[in-house]
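> Structure incoming, see below.
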2 protein chains.
Amino acid sequence: MSSQPRALDICKIDGVRVFELPLKKDSRGSLTFAQYDQTLPFLPQRYFIVFDVGEGQTRGGHAHREVEQLLICVKGSCRVLLDDGDTRDEVLLDRPELALYIPPRVWATQEEFSRDAVLAVMASGLYDPAEYLKDYVEFVAVARGQRQSNRLEQE
Amino acid sequence: MSSQPRALDICKIDGVRVFELPLKKDSRGSLTFAQYDQTLPFLPQRYFIVFDVGEGQTRGGHAHREVEQLLICVKGSCRVLLDDGDTRDEVLLDRPELALYIPPRVWATQEEFSRDAVLAVMASGLYDPAEYLKDYVEFVAVARGQRQSNRLEQE
């Protein structure tokens, strides 16, 4: 595997990356993979699988203070809305070989799940309710504050 | 989450475990999860997704020298044949909330994929062809040798 994984330039939010993973097709079926620390940018401490999402339902609607996530829609499709407090964009996940990396402090919502959609999410940290930002106003303050702090450090 | 994850007693091969993961259903859909180091017994360094497997096709058919794996059939179903060189058994994966842990030196083959099956596999190590045992006779020698060595250490 190349040491420079291919990231698609389809999201304008800093730090968000969409990887186009290798896809191996043969008579036995199809296989796609990712590995640390290239297209799997962290060692997952947790995974969760979302499925049987009803028509018109949305999931997510929060950010994480420190946890990184990798989202793979392994069956069907869904749309991910992303917001870093200043910029909004969206990514359609409609193939198992797409992996969406979401850094900390990016508000994410998933919607438009196809009837057969299965969304796999890997997370860099264990489940910790205190680690979630569920209030949007608080999220914006935290996200902007962190960017401001980063800028000052770089000066 | 309980510190004693529930493992189903449905496989007679030493070290193989089948976890029944929590399943949260509500109006927004279903979610199941695992986390380190309970029902996710290792930190995955790699994942791969297998899909579009043709009718009658089998996958796998090898063991790993050191790598551990966790198999989750996140959509549809497939059957996993397991063999430690002395004992054979099989596990049907037909729900996203089942996670099959396969320790090193267990020969595994997947078959009977349903048409819609999607199999997610997490692996404890990076891809390394030298780490695969693809010759069954060599595998049996390695697996039995390791068990003999373990027994001598315990005496």
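How things are named: the first chain in the structure tokens is A, the next is B, and so on; residues count from 1 in each chain; ligands count from 1 in the order shown.
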Find the residues near stretch 102-108 of chain B: any atom within 9 Å, counting only C-alpha atoms, skip ones fewer than 4 places away on the same chain, and give them as number ranges by chain.
B: 13-18, 59-71, 80-85, 133-134, 136, 139-140, 142-143, 146
> Quick one: write out the picked residues with C-alpha atoms as a JSON list (two decimals), in the first residue's frame?

```json
[["chain", "number", "residue", "atom", "x", "y", "z"],
["B", 13, "ILE", "CA", -12.70, -24.48, 19.81],
["B", 14, "ASP", "CA", -10.41, -23.12, 22.52],
["B", 15, "GLY", "CA", -10.04, -19.36, 22.38],
["B", 16, "VAL", "CA", -12.79, -18.74, 19.86],
["B", 17, "ARG", "CA", -15.51, -16.51, 21.31],
["B", 18, "VAL", "CA", -18.85, -15.33, 20.00],
["B", 59, "ARG", "CA", -13.54, -16.91, 1.27],
["B", 60, "GLY", "CA", -10.68, -17.21, 3.72],
["B", 61, "GLY", "CA", -9.18, -20.68, 3.88],
["B", 62, "HIS", "CA", -6.10, -19.81, 5.93],
["B", 63, "ALA", "CA", -4.92, -19.09, 9.44],
["B", 64, "HIS", "CA", -2.73, -16.38, 10.93],
["B", 65, "ARG", "CA", 0.46, -16.96, 12.89],
["B", 66, "GLU", "CA", -0.10, -14.10, 15.36],
["B", 67, "VAL", "CA", -2.93, -11.89, 14.16],
["B", 68, "GLU", "CA", -6.27, -11.91, 15.99],
["B", 69, "GLN", "CA", -9.49, -11.15, 14.15],
["B", 70, "LEU", "CA", -13.02, -10.08, 14.94],
["B", 71, "LEU", "CA", -15.67, -10.94, 12.32],
["B", 80, "VAL", "CA", -17.63, -19.50, 9.36],
["B", 81, "LEU", "CA", -15.87, -22.87, 9.51],
["B", 82, "LEU", "CA", -13.20, -23.04, 12.18],
["B", 83, "ASP", "CA", -10.44, -25.57, 12.75],
["B", 84, "ASP", "CA", -7.57, -25.46, 15.26],
["B", 85, "GLY", "CA", -5.84, -28.49, 13.78],
["B", 133, "LEU", "CA", -0.59, -19.81, 7.05],
["B", 134, "LYS", "CA", -2.04, -20.93, 3.72],
["B", 136, "TYR", "CA", -3.02, -26.69, 5.75],
["B", 139, "PHE", "CA", -0.81, -24.93, 9.71],
["B", 140, "VAL", "CA", -1.58, -28.13, 11.64],
["B", 142, "VAL", "CA", 2.35, -24.92, 13.73],
["B", 143, "ALA", "CA", -0.94, -25.01, 15.68],
["B", 146, "GLN", "CA", 2.20, -24.09, 19.80]]
```
> Counting only C-alpha atoms, which residues of chain A come no farther than 6 Å from chain B, as a PyMOL selection string?
chain A and resi 28-36+43+45-53+57
> Tell me, as a list in words, which residues lie within 8 Å of A:Arg6, counting only C-alpha atoms; anything in the same chain fewer than 6 positions away does not count.
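Contacts, with the query itself left out: Phe19, Glu20 and Leu21 of chain A.
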> Report the distance between atom CA of A:Leu93 and atom CA of A:Arg79 in Å, rounded to one decimal place.
6.0 Å
> Distance atom CA of B:Asp9-atom CA of B:Pro22, one decimal place?
16.8 Å
